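Right, one structure below, let's go through it.
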Amino acid sequence: MPMYQPNILRNVRLDVGAGGQVLDLETAIKDGILGGGGGLVCAGVTEKLDLKKMIEELESIEVPSVFICPISLDPMQDPVTLCTGQTYERSNILKWFSLGHCTCPTTMQELWDDTVTPNRTLQQLIYSWFSQKYMAMKKRSEDVLGRATELLDSLKKVKGQARVQTLKELRNVVVAHSMAKKTVMDKGGVALVSSLLGPFTTHAVGAEAIGILVNLELDLPSKANLRQPAKISLVVDMLNEGSIETKINCTKLIEMLIGRKDLGSENVSSLSLLAGLLRLVKDKRHPIGVLAGLGLLNTICLDESVRNSAVSIGAVRPLVELLPGLNNECLELALHILEVLSTIPEGKLALKDCANTIPNVVKFLMSKSESCTQLALSILWAVCNLAPEECAALAVEAGLAAKLLLVIQSGCNPVLKQRSVELLKLCSLNYTTTIFISKCKLSRTIQ
């Protein structure tokens with residue numbers, strides 16, 4: 001049987017240039033795009049670049065399918081062609097053979113010749129394509145880093161609207177390019193931008209400065225500097241009065257700055273901060289803002305003085321009303337906040353006095369995560385234990401008993417089951433067995 005001679009240059013088309021020009025392999029070779037001698041085809045650059053490194057650094061870009069090994073689905077570095085005309089990465093096809101296969105992985109044809117032929121043409125084209133993309137990326141990076149440095153230098157000189165515009169451009173650079181973040185931090189950008197925040201800072205400057213800071217890594221001295229009362233006070237003001245983007249950034253910045261020892265500080269426990277966070281979480285139009293606000297509320301409510309302040313400004317009712325419409329991540333945060341607030345007398349009373357606490361919380365028993373079930377049980381126990389006669393009846397009407405039986409019969413941890421047993425007993429105190437069973441609407445089997 002004559003050996004099949006594949007023409008690897010036939011009908012292969014791909015984009016090899018930065019300008020999006022579509023070429024086939026024959027044209028690429030004819031026009032010299034492949035270069036010569038394995039060197040890089042870029043003016044003024046003669047060094048040999050490592051293909052493996054380029055592939056790793058360019059992993060996020062779309063690679064022409066002809067460069068992809070059908071076995072690993074990764075770009076090929078040492079392509080070889082089989083007698084069937086199919087091309088693979090050398091290490092992958094040799095591994096295929098070592099497993100005892102005598103077929104072509106793509107076509108499943110039986111091989112009449114197991115020779116693997118190096119595909120130098122395709123290898124050179126792969127190298128050239130990645131080289132061009134890599135050098136273009138490097139050029140863009142150099143331009144970005146240079147621009148970040150220029151903006152930092154300008155920021156030391158400009159004032160007024162020019163300062164706002166410089167900060168806005170610097171923020172866009174930092175958000176879009178991860179390498180620009182390191183440049184900004186290495187060149188003292190954190191201290192420079194932080195110095196712009198103070199009692200006389202306009203909200204226009206503050207919004208852009210905070211937008212930059214939340215995208216940088218802050219070391220301990222930088223955090224200590226930003227925790228100055230005048231700076232925190234500005235951030236809290238902007239949380240209450242800024243755009244939704246500014247509010248979210250202010251929330252993120254405060255979350256970045258506070259540590260356990262800061263929770264009881266005057267700035268963190270301020271009513272203005274709590275009021276701003278509550279307004280943020282109540283704005284259902286912006287789920288990212290709801291998540292950010294609940295996250296910070298959850299953190300600062302670890303301090304008892306903050307819990308008292310939160311209850312005093314009426315945080316319980318809006319949080320309870322929010323529960324049914326929250327996604328799982330936000331729901332767990334909201335339940336945790338309510339559970340923490342239920343540990344103080346004022347919080348228990350506020351939960352009891354809110355008409356929707358019991359029906360809204362009962363819904364999440366055994367309907368979401370085990371963590372949500374645990375938090376919901378803790379809240380219901382606090383409320384029902386505070387006023388058994390009043391709350392137990394409401395809980396039974398809301399379907400609590402049947403949910404508790406589900407928990408008891410489930411694979412939940414023993415602590416949850418024991419709490420469910422105790423709560424079930426509490427709910428049944430004011431009923432005879434017959435009436436309680438009828439109220440629960442339980443099946444004969446469960447009875």
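Each chain of the structure tokens is named A, B, ... in the order shown, its residues numbered from 1; ligands are numbered from 1 in display order.
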> Which neighbours of Leu426 (chain A) fall inside 8 Å, counting only C-alpha atoms, when residues of the same chain fewer than 6 positions from it are skipped, and could you give them as JSON, numbers by chain?
Replying inline: {"A": [384, 385, 388, 392]}
Could you save those same residues with C-alpha atoms as an mmCIF file, in the first residue's frame?
```
data_model
loop_
_atom_site.group_PDB
_atom_site.id
_atom_site.type_symbol
_atom_site.label_atom_id
_atom_site.label_comp_id
_atom_site.auth_asym_id
_atom_site.auth_seq_id
_atom_site.Cartn_x
_atom_site.Cartn_y
_atom_site.Cartn_z
ATOM 1 C CA CYS A 384 -39.459 32.263 70.392
ATOM 2 C CA ASN A 385 -37.578 31.906 73.669
ATOM 3 C CA PRO A 388 -42.965 31.722 73.781
ATOM 4 C CA ALA A 392 -44.548 29.990 69.134
#
```
Please list as a CSV table (one decimal) with N, CA and C atoms, in the first residue's frame every residue within 6 Å of region 112-119 of chain A, counting only C-alpha atoms and excluding residues in the same chain fewer than 5 positions away.
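Dumped everything to part08.csv:
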```
chain,number,residue,atom,x,y,z
A,79,PRO,N,5.5,20.2,17.0
A,79,PRO,CA,4.4,19.5,16.3
A,79,PRO,C,5.1,18.4,15.4
A,80,VAL,N,4.4,17.3,15.4
A,80,VAL,CA,4.9,16.2,14.5
A,80,VAL,C,3.6,15.7,13.7
A,81,THR,N,3.8,15.2,12.5
A,81,THR,CA,2.7,14.7,11.7
A,81,THR,C,2.8,13.2,11.5
A,82,LEU,N,1.6,12.6,11.5
A,82,LEU,CA,1.5,11.1,11.3
A,82,LEU,C,1.3,10.8,9.8
```
>> When you look at Cys102 (chain A) with a cut-off of 10 Å (counting only C-alpha atoms), what residues show up, excluding the ones that are within fewer than 3 positions of it in the same chain? I need them as a PyMOL selection string.
In response: chain A and resi 96-99+105+108-114
>> What's around region 280-284 of chain A at 8 Å? Count only C-alpha atoms, leave out sequence neighbours fewer than 5 positions away in its own chain, and write the answer as a VMD selection string.
In response: chain A and resid 247 289 to 291 293 to 294 318 322
Pick out the residues sitting within 9 Å of Asn249 (chain A), and hand them over as a JSON list (two decimals) with N, CA, C and O atoms, in the first residue's frame; count only C-alpha atoms, and ignore anything fewer than 5 positions along from it in its own chain.
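Okay, part17.json is ready:
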```json
[["chain", "number", "residue", "atom", "x", "y", "z"],
["A", 207, "ALA", "N", -13.66, 60.75, 45.10],
["A", 207, "ALA", "CA", -14.22, 59.58, 44.41],
["A", 207, "ALA", "C", -13.17, 58.89, 43.54],
["A", 207, "ALA", "O", -13.06, 57.66, 43.54],
["A", 210, "ILE", "N", -10.30, 57.30, 45.87],
["A", 210, "ILE", "CA", -10.76, 56.06, 46.51],
["A", 210, "ILE", "C", -10.88, 54.94, 45.47],
["A", 210, "ILE", "O", -10.55, 53.78, 45.73],
["A", 211, "GLY", "N", -11.31, 55.30, 44.25],
["A", 211, "GLY", "CA", -11.40, 54.33, 43.17],
["A", 211, "GLY", "C", -10.05, 53.73, 42.81],
["A", 211, "GLY", "O", -9.95, 52.59, 42.37],
["A", 213, "LEU", "N", -7.38, 53.58, 45.14],
["A", 213, "LEU", "CA", -6.89, 52.87, 46.33],
["A", 213, "LEU", "C", -7.50, 51.48, 46.49],
["A", 213, "LEU", "O", -6.82, 50.55, 46.92],
["A", 214, "VAL", "N", -8.77, 51.33, 46.15],
["A", 214, "VAL", "CA", -9.40, 50.01, 46.33],
["A", 214, "VAL", "C", -8.87, 48.97, 45.35],
["A", 214, "VAL", "O", -9.11, 47.78, 45.51],
["A", 239, "LEU", "N", -19.75, 57.84, 51.28],
["A", 239, "LEU", "CA", -20.61, 56.65, 51.28],
["A", 239, "LEU", "C", -22.07, 57.05, 51.34],
["A", 239, "LEU", "O", -22.94, 56.40, 50.75],
["A", 244, "ILE", "N", -23.42, 55.50, 43.10],
["A", 244, "ILE", "CA", -23.45, 54.11, 43.55],
["A", 244, "ILE", "C", -22.05, 53.50, 43.45],
["A", 244, "ILE", "O", -21.62, 52.73, 44.32],
["A", 254, "ILE", "N", -13.21, 50.86, 53.38],
["A", 254, "ILE", "CA", -13.34, 50.71, 54.84],
["A", 254, "ILE", "C", -13.13, 49.26, 55.24],
["A", 254, "ILE", "O", -12.47, 48.96, 56.24],
["A", 292, "ALA", "N", -21.61, 44.28, 48.95],
["A", 292, "ALA", "CA", -20.55, 45.03, 49.63],
["A", 292, "ALA", "C", -21.04, 45.59, 50.97],
["A", 292, "ALA", "O", -20.34, 45.51, 51.99]]
```
>> With only C-alpha atoms as the counted atoms, please give the residues lying no more than 12 Å from region 409-412 of chain A, apart from itself and same-chain residues fewer than 4 positions off, as a list in words.
In response: Leu365, Met366, Ser369, Glu370, Ser371, Cys372, Thr373, Gln374, Ala402, Lys403, Leu404, Leu405, Leu416, Lys417, Gln418, Arg419, Ser420, Val421 and Ile446 of chain A
> Of the residues A:Lys48, A:Arg147, A:Lys95, A:Lys425, which is the one nearest to Ile71 (chain A), using only C-alpha atoms?
Replying inline: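 Smallest separation from Ile71 (chain A) among the options: A:Lys95.
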>> Just the number, please: distance in Å from CA of Asp50 (chain A) to CA of Val184 (chain A), one decimal.
In response: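 These two atoms are separated by 28.8 Å.
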>> Residues of region 144-386 of chain A classed as alpha helix (DSSP H) by DSSP on the backbone are to be reported as number ranges by chain.
In response: A: 144-155, 160-176, 178-186, 189-194, 203-213, 220-226, 229-241, 244-257, 271-282, 287-300, 304-312, 316-322, 328-341, 345-353, 357-362, 370-386
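Proximity to Thr251 (chain A) was assessed for A:Leu296, A:Leu216, A:Lys223, A:Ala395 counting only C-alpha atoms; the smallest distance is recorded for A:Leu296.
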> Could you pull the residues within 10 Å of Arg307 (chain A), counting only C-alpha atoms, minus those fewer than 6 positions along the same chain, as an MDAnalysis selection string?
Replying inline: chainID A and resid 269 297 300:301 315 337:338 340:344 346:347
